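Asks: Structure incoming, see below.
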Amino acid sequence: MKYRVNKAVVIGSGTMGAAIAAHLANAGVRVTLLDIVPRGLTPQEESAGLTLESPKVRSRIVEAGFQAALKSRPASLFSPAIADMVSLGNLDDDFDVIAEADWVIEAIVENLKIKRDLFSRIDAVRGEHTIVTTNTSGIPVHSLSEGMSEGFQQHFLGAHFFNPPRYLKLLEIISGPETLPEVVDFISRFSELRLGKGIVVCKDTPNFIGNRVFSVAGAFVMQYALENGYTVEEVDAITGPTIGRPKTATFRLLDLVGLDVAQHVSDNLAELIPHDKVAQAVLRAEKPAQLSKTLIERGWLGNKTKVGYYKQVVVDGKKEFWTLNLETLEHENSGEKIRFESIGKVKDIEEVGKRIKALIGYDDKAAKLVRAVMFQSFSYTSQCIPEITELPSAVDNALKWGFMHEVGPFEIWDAMGVAETVEQMKAEGFLPAPWVEEMLASGIESFYKVDGGIKVGVYHPAKKGYHLFEQEEGLISLPKLKTDQKEVAKNGSASLIDLGDGIVCVEFHSKMNTFDTDIGEMIHKAMDLAETQFEGIVIGNQGEHFSAGANLFLIAMYSQQGQWDELEGVVKGLQDMNMRMRYSPVPVVLAPFGYTLGGGAELMMHASRIVSSGFLVTGLVEVGMGLLPAGGGTKEMLRRVLNPAMQTENADPMPVVQRLFMQIGTAQVATSPIEAREFGMIAPSDRIVMNDDYLLMEAKREARHLADAGYAAPYKEKVYAAGADVLSTLRVGVWMFEEGRYISEHDRLIGEKVAYVLAGGNISQPQWVDEQYILDLEREGFMSLCGEKKTQERLWHFLQTGKPLRN
């Protein structure tokens, strides 16, 4: 049977259900979101004369749930325009949509009987090949499908999304006893490619992998902190980025999740795993349980009540976050930044595992807590195998993809040295699972098999040897290609890598992948080589973000020292590089992902084709630094957005130029590729790849396809310059913003410079001009702003603090 998902139904419009429906819409799937019919009227409905039969009343719950998803931050949808992909209904009037659905996702209350009653109804109407999944986070999957029809059980499985579904990569897949292998394979593959998910196959055990391991680890940190006199601030300063975890660390995360929710999850898990003595010891520990009970009774539930372990307080008009004193249970402002000698000594070690290994060699409070956290993690996760999964890599991936850890426990353990760490663990009372010592005794010294710096396999305890990872044909790993001697050229900021099949890749590896002359040199070298040795170019990398834009330090330094010729040479060089790329005789495909800002966005818009990640944050943000886009970004926005509008006779350029002025002048940022398309930065012909693992592979395919189709450079295009009338109107608008005290005097100056470029200068009549004319205006405006003291102040302030300055 060839399965497909063209129509989906999500049942349950709570936080998870509505967000899952939104993400299916992001992927281009038409979705119907269903929820129950209200049992009673609200006072407002009664006063309006409505009844329980009124359509507005019957859809109230699902409407409210979806509206909450539309307002959620971070946004659940790529763009508000996608909302039309989601239809709303209720479980009484619209249940028949299930008969035509390809995939039905249940995301209702965590109650076995209620879920089973719903599945019985679904079983009666579902199509023969309709796949049904549950989003349960803890109820055994087999208990949900037991007693249903054979066809239902064969097409039923657990597909546990993590919140928020758009942003967290993890999807736990749990087969039922009768689930067909092809159904598991299809949902896994569809979710990986279309939804951008990382698949972790779990055994049908309580809380599966992610929540099981994470809940026990969190409970241990809480218990250890209370038993050893740590403060909230100390724990969060230690258990965040220092050990490769998010800034929310421990207590901030509890506030984010909700103390009541966290306690409910903990209590449920404890009841479901009575056999797990290690988990019971921390999940039912007396001090944490009493603390949680007290805070919940006080209504201090975290972010949703604006008070939990942290409390927002306004002092002299400024927001402050006070922390809970774990002894007095009063919130306090310590007024001091938490510092530890050990963390200060190791903070510059980039690799997390090596940083942690160095850190636990000290003996201060930070080192002691990290040592305990790591040793507990190693001990517990190893003891959970094979109960929850067969492979250590499944645990690592669950924590990385579901909880945003940089590395998983077994990866850290490898980096610290397994044998060496085992002895240290035993000395402190943390026992590894027997299979770990069996592995070491057999002569295998690490959990992962590594070849040339690349993980190619993981230890399989049951098989007592390495399980080799399956490498999908065509998937690209730039580090692997480098170890295979495919690096054609390299300098301090970029490399050229032969991707095979006549395509060369320009990879950035400067700090934050910011542009400098070395990157420009490599892009030019790629275009030189492509004209003789290659047939296409891909510009992409596999770092954290594509590019944060220009090297601001270089700009600030040249500006402060008055090295104007050198600075103008850098700007002109960026413009020339982008224009050469735009008119390259071979296709140049750019693969942006993550932050693609400022100069990164300008580079993107000059490519022959864009193959974008589903996670893209892009915009021309130079105004925030006191500058304007000068790498061709303003010119490209005019060409892409204004030019098409002005092809119509007697068209008015003013509304379009005003839109572009607001977009550039307020440094608007698109937070998805669909928003970037609405901005005019990505064309309808450009592609979106939802899973970053496949981004470079698809970019290479696109470059190869364009080359095979006989790619030719685009013809030289002129740009519409609206002239003096439009410029005057924009200037009036800027003046009014200043008069209304919405912007500063320096903001007004920047706004006028942006307006001048967008209008094509102060020309008396509208006309079509060469691209170079607009580029020259960009460069002149940029250089003049660099000479302003207040712009230089903004640049240095951002470089020193990471925050913009409004002066």
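Just remember, in the structure tokens the first chain shown is A, the second B, etc., residues are 1-based per chain, and ligands are 1-based in the order shown.
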Please provide as a short mmCIF file (atom, residue, chain, number, x, y, z; two decimals) with N, CA, C and O atoms, in the first residue's frame all residues within 8 Å of Leu696 in chain A, with the sequence filter that same-chain residues fewer than 5 positions apart are discarded (counting only C-alpha atoms).
Replies:
```cif
data_model
loop_
_atom_site.label_atom_id
_atom_site.label_comp_id
_atom_site.auth_asym_id
_atom_site.auth_seq_id
_atom_site.Cartn_x
_atom_site.Cartn_y
_atom_site.Cartn_z
N LEU A 475 22.95 12.07 1.17
CA LEU A 475 23.02 12.96 2.32
C LEU A 475 24.44 13.50 2.45
O LEU A 475 25.41 12.76 2.29
N ILE A 476 24.56 14.80 2.74
CA ILE A 476 25.87 15.46 2.73
C ILE A 476 26.32 15.80 4.14
O ILE A 476 25.58 16.40 4.92
N VAL A 538 27.06 25.68 -4.67
CA VAL A 538 26.16 25.76 -3.51
C VAL A 538 26.87 26.58 -2.45
O VAL A 538 28.04 26.34 -2.15
N GLY A 540 26.56 27.22 1.41
CA GLY A 540 25.86 26.72 2.59
C GLY A 540 26.85 26.18 3.59
O GLY A 540 28.03 25.99 3.28
N ASN A 541 26.39 25.95 4.80
CA ASN A 541 27.25 25.38 5.82
C ASN A 541 26.40 24.57 6.79
O ASN A 541 25.18 24.54 6.67
N ALA A 591 21.77 28.08 0.37
CA ALA A 591 21.00 27.25 1.30
C ALA A 591 20.96 27.90 2.68
O ALA A 591 21.69 27.49 3.60
#
```
Asks: Excluding same-chain residues fewer than 3 positions from range 81-83 of chain A, what lies within 10 Å of it counting only C-alpha atoms, as a ChimeraX atom specification?
Replies: /A:21-23,25-28,30-31,66-67,70,77-78,86-87,674-675,678
Asks: Can you list, as a PyMOL selection string, every protein, DNA or RNA residue that comes within 8 Å of range 619-628 of chain A when you count only C-alpha atoms, leaving out same-chain residues fewer than 3 positions away?
Replies: chain A and resi 596-599+601-602+633+664-670+676+747+750+753-754+778+781-782+785-786+790-792+794-795+798+804-805
Asks: Select, from A:Gln290, A:Thr242, A:Gln154, A:Thr389, the residue with the minimum atom-to-atom distance to Gly344 in chain A, counting only C-alpha atoms.
Replies: A:Thr242
Asks: Pick out the closest residue to Pro392 in chain A from this set: A:His797, A:Arg339, A:His460, A:Arg609. Count only C-alpha atoms.
Replies: A:His460
Asks: For Pro655 in chain A, work out the shell of residues within 10 Å, counting only C-alpha atoms and skipping chain neighbours fewer than 5 positions away, then give it as a list in words.
Replies: Leu642, Leu660, Phe661 and Val726 of chain A
Asks: For the alpha helix (DSSP H) assignment from backbone DSSP, which residues of range 387-473 of chain A qualify? Please present them as an MDAnalysis selection string.
Replies: chainID A and resid 392:403 409:416 418:427 434:441
Asks: Give the strand (DSSP E or B) residues of range 242-379 of chain A, as assigned by DSSP on the backbone, as number ranges by chain.
Replies: A: 302, 307, 310-315, 318-324, 331-332
Asks: Just checking: using only C-alpha atoms, which residue out of A:Thr239, A:Thr305, A:Ser145, A:Thr248 ends up closest to Asp260 in chain A?
Replies: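 Among the listed residues, A:Thr305 lies closest to Asp260 in chain A.
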Asks: What's the 12 Å shell around Glu411 in chain A, counting only C-alpha atoms, without same-chain residues fewer than 3 positions away, as number ranges by chain?
Replies: A: 244, 351-354, 356, 374, 377-378, 381, 392-397, 399-400, 405-408, 414-418, 446-450, 455, 458-459
Asks: Only N, CA and C atoms, please: the residues just picked out, written as an mmCIF file, in the first residue's frame.
Replies:
```cif
data_model
loop_
_atom_site.group_PDB
_atom_site.id
_atom_site.type_symbol
_atom_site.label_atom_id
_atom_site.label_comp_id
_atom_site.auth_asym_id
_atom_site.auth_seq_id
_atom_site.Cartn_x
_atom_site.Cartn_y
_atom_site.Cartn_z
ATOM 1 N N GLY A 244 26.103 22.816 28.277
ATOM 2 C CA GLY A 244 25.501 22.517 26.974
ATOM 3 C C GLY A 244 23.992 22.427 26.986
ATOM 4 N N GLU A 351 34.214 22.757 23.013
ATOM 5 C CA GLU A 351 33.573 21.442 22.990
ATOM 6 C C GLU A 351 32.992 21.113 24.364
ATOM 7 N N VAL A 352 31.690 20.851 24.406
ATOM 8 C CA VAL A 352 30.984 20.693 25.680
ATOM 9 C C VAL A 352 31.584 19.581 26.538
ATOM 10 N N GLY A 353 31.828 18.415 25.952
ATOM 11 C CA GLY A 353 32.359 17.288 26.718
ATOM 12 C C GLY A 353 33.689 17.611 27.360
ATOM 13 N N LYS A 354 34.572 18.255 26.605
ATOM 14 C CA LYS A 354 35.886 18.623 27.140
ATOM 15 C C LYS A 354 35.746 19.700 28.219
ATOM 16 N N ILE A 356 33.170 20.084 30.254
ATOM 17 C CA ILE A 356 32.662 19.438 31.468
ATOM 18 C C ILE A 356 33.768 18.629 32.145
ATOM 19 N N MET A 374 26.251 14.991 36.142
ATOM 20 C CA MET A 374 26.751 14.148 35.060
ATOM 21 C C MET A 374 26.800 12.675 35.466
ATOM 22 N N SER A 377 23.411 11.252 35.547
ATOM 23 C CA SER A 377 22.902 11.091 34.179
ATOM 24 C C SER A 377 23.496 9.849 33.525
ATOM 25 N N PHE A 378 24.803 9.675 33.651
ATOM 26 C CA PHE A 378 25.459 8.504 33.061
ATOM 27 C C PHE A 378 24.914 7.209 33.683
ATOM 28 N N THR A 381 20.860 6.774 32.751
ATOM 29 C CA THR A 381 20.564 6.480 31.337
ATOM 30 C C THR A 381 21.114 5.120 30.934
ATOM 31 N N PRO A 392 22.134 3.583 22.919
ATOM 32 C CA PRO A 392 22.472 4.848 23.584
ATOM 33 C C PRO A 392 22.174 6.069 22.715
ATOM 34 N N SER A 393 22.316 5.952 21.410
ATOM 35 C CA SER A 393 22.086 7.096 20.517
ATOM 36 C C SER A 393 20.646 7.586 20.583
ATOM 37 N N ALA A 394 19.680 6.695 20.877
ATOM 38 C CA ALA A 394 18.279 7.105 20.990
ATOM 39 C C ALA A 394 18.091 8.044 22.178
ATOM 40 N N VAL A 395 18.783 7.764 23.274
ATOM 41 C CA VAL A 395 18.713 8.633 24.451
ATOM 42 C C VAL A 395 19.346 9.989 24.138
ATOM 43 N N ASP A 396 20.514 9.962 23.519
ATOM 44 C CA ASP A 396 21.194 11.214 23.172
ATOM 45 C C ASP A 396 20.328 12.076 22.256
ATOM 46 N N ASN A 397 19.770 11.460 21.223
ATOM 47 C CA ASN A 397 18.959 12.227 20.273
ATOM 48 C C ASN A 397 17.688 12.774 20.923
ATOM 49 N N LEU A 399 17.255 13.757 24.001
ATOM 50 C CA LEU A 399 17.573 14.915 24.826
ATOM 51 C C LEU A 399 18.036 16.103 23.985
ATOM 52 N N LYS A 400 18.720 15.836 22.892
ATOM 53 C CA LYS A 400 19.159 16.935 22.013
ATOM 54 C C LYS A 400 17.976 17.537 21.257
ATOM 55 N N HIS A 405 19.446 20.094 24.307
ATOM 56 C CA HIS A 405 20.792 19.896 24.826
ATOM 57 C C HIS A 405 21.758 19.865 23.639
ATOM 58 N N GLU A 406 22.909 20.461 23.806
ATOM 59 C CA GLU A 406 23.884 20.461 22.706
ATOM 60 C C GLU A 406 24.390 19.055 22.419
ATOM 61 N N VAL A 407 24.609 18.292 23.466
ATOM 62 C CA VAL A 407 25.084 16.911 23.328
ATOM 63 C C VAL A 407 24.359 16.032 24.338
ATOM 64 N N GLY A 408 24.286 14.741 24.040
ATOM 65 C CA GLY A 408 23.609 13.809 24.920
ATOM 66 C C GLY A 408 24.557 13.209 25.935
ATOM 67 N N ASP A 414 31.594 9.757 26.409
ATOM 68 C CA ASP A 414 32.693 9.431 25.493
ATOM 69 C C ASP A 414 33.786 10.494 25.552
ATOM 70 N N ALA A 415 33.364 11.769 25.510
ATOM 71 C CA ALA A 415 34.337 12.870 25.499
ATOM 72 C C ALA A 415 35.156 12.914 26.786
ATOM 73 N N MET A 416 34.561 12.479 27.893
ATOM 74 C CA MET A 416 35.253 12.489 29.183
ATOM 75 C C MET A 416 36.109 11.252 29.395
ATOM 76 N N GLY A 417 35.906 10.235 28.549
ATOM 77 C CA GLY A 417 36.620 8.975 28.704
ATOM 78 C C GLY A 417 35.787 8.018 29.531
ATOM 79 N N VAL A 418 35.234 6.978 28.907
ATOM 80 C CA VAL A 418 34.285 6.098 29.588
ATOM 81 C C VAL A 418 34.938 5.373 30.766
ATOM 82 N N SER A 446 34.519 3.110 23.791
ATOM 83 C CA SER A 446 33.606 4.253 23.612
ATOM 84 C C SER A 446 32.249 3.763 23.117
ATOM 85 N N PHE A 447 31.227 4.548 23.425
ATOM 86 C CA PHE A 447 29.873 4.190 22.988
ATOM 87 C C PHE A 447 29.705 4.378 21.486
ATOM 88 N N TYR A 448 30.393 5.369 20.932
ATOM 89 C CA TYR A 448 30.260 5.647 19.502
ATOM 90 C C TYR A 448 31.496 5.194 18.746
ATOM 91 N N LYS A 449 31.271 4.612 17.596
ATOM 92 C CA LYS A 449 32.356 4.267 16.684
ATOM 93 C C LYS A 449 32.577 5.479 15.789
ATOM 94 N N VAL A 450 33.781 5.980 15.734
ATOM 95 C CA VAL A 450 34.088 7.212 15.016
ATOM 96 C C VAL A 450 35.106 6.921 13.921
ATOM 97 N N LYS A 455 30.723 10.149 13.521
ATOM 98 C CA LYS A 455 30.105 8.980 14.160
ATOM 99 C C LYS A 455 29.508 8.082 13.084
ATOM 100 N N VAL A 458 27.080 3.012 16.847
ATOM 101 C CA VAL A 458 26.903 3.141 18.292
ATOM 102 C C VAL A 458 26.873 1.741 18.908
ATOM 103 N N TYR A 459 27.345 1.642 20.125
ATOM 104 C CA TYR A 459 27.402 0.338 20.786
ATOM 105 C C TYR A 459 25.991 -0.190 21.048
#
```
Asks: Quick one: everything within 12 Å of Gln542 in chain A, counting only C-alpha atoms, minus sequence neighbours fewer than 5 positions away in the same chain. Send it as a list in words.
Replies: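 Counting only the stated atoms, we get Ile476, Ser477, Leu478, Pro479, Lys480, Cys505, Val506, Glu507, Phe508, His509, Met512, Asn513, Ser547, Ala591, Pro592, Phe593, Gly594, Ser613, Asp692, Asp693, Tyr694, Leu695, Leu696 and Met697 of chain A.
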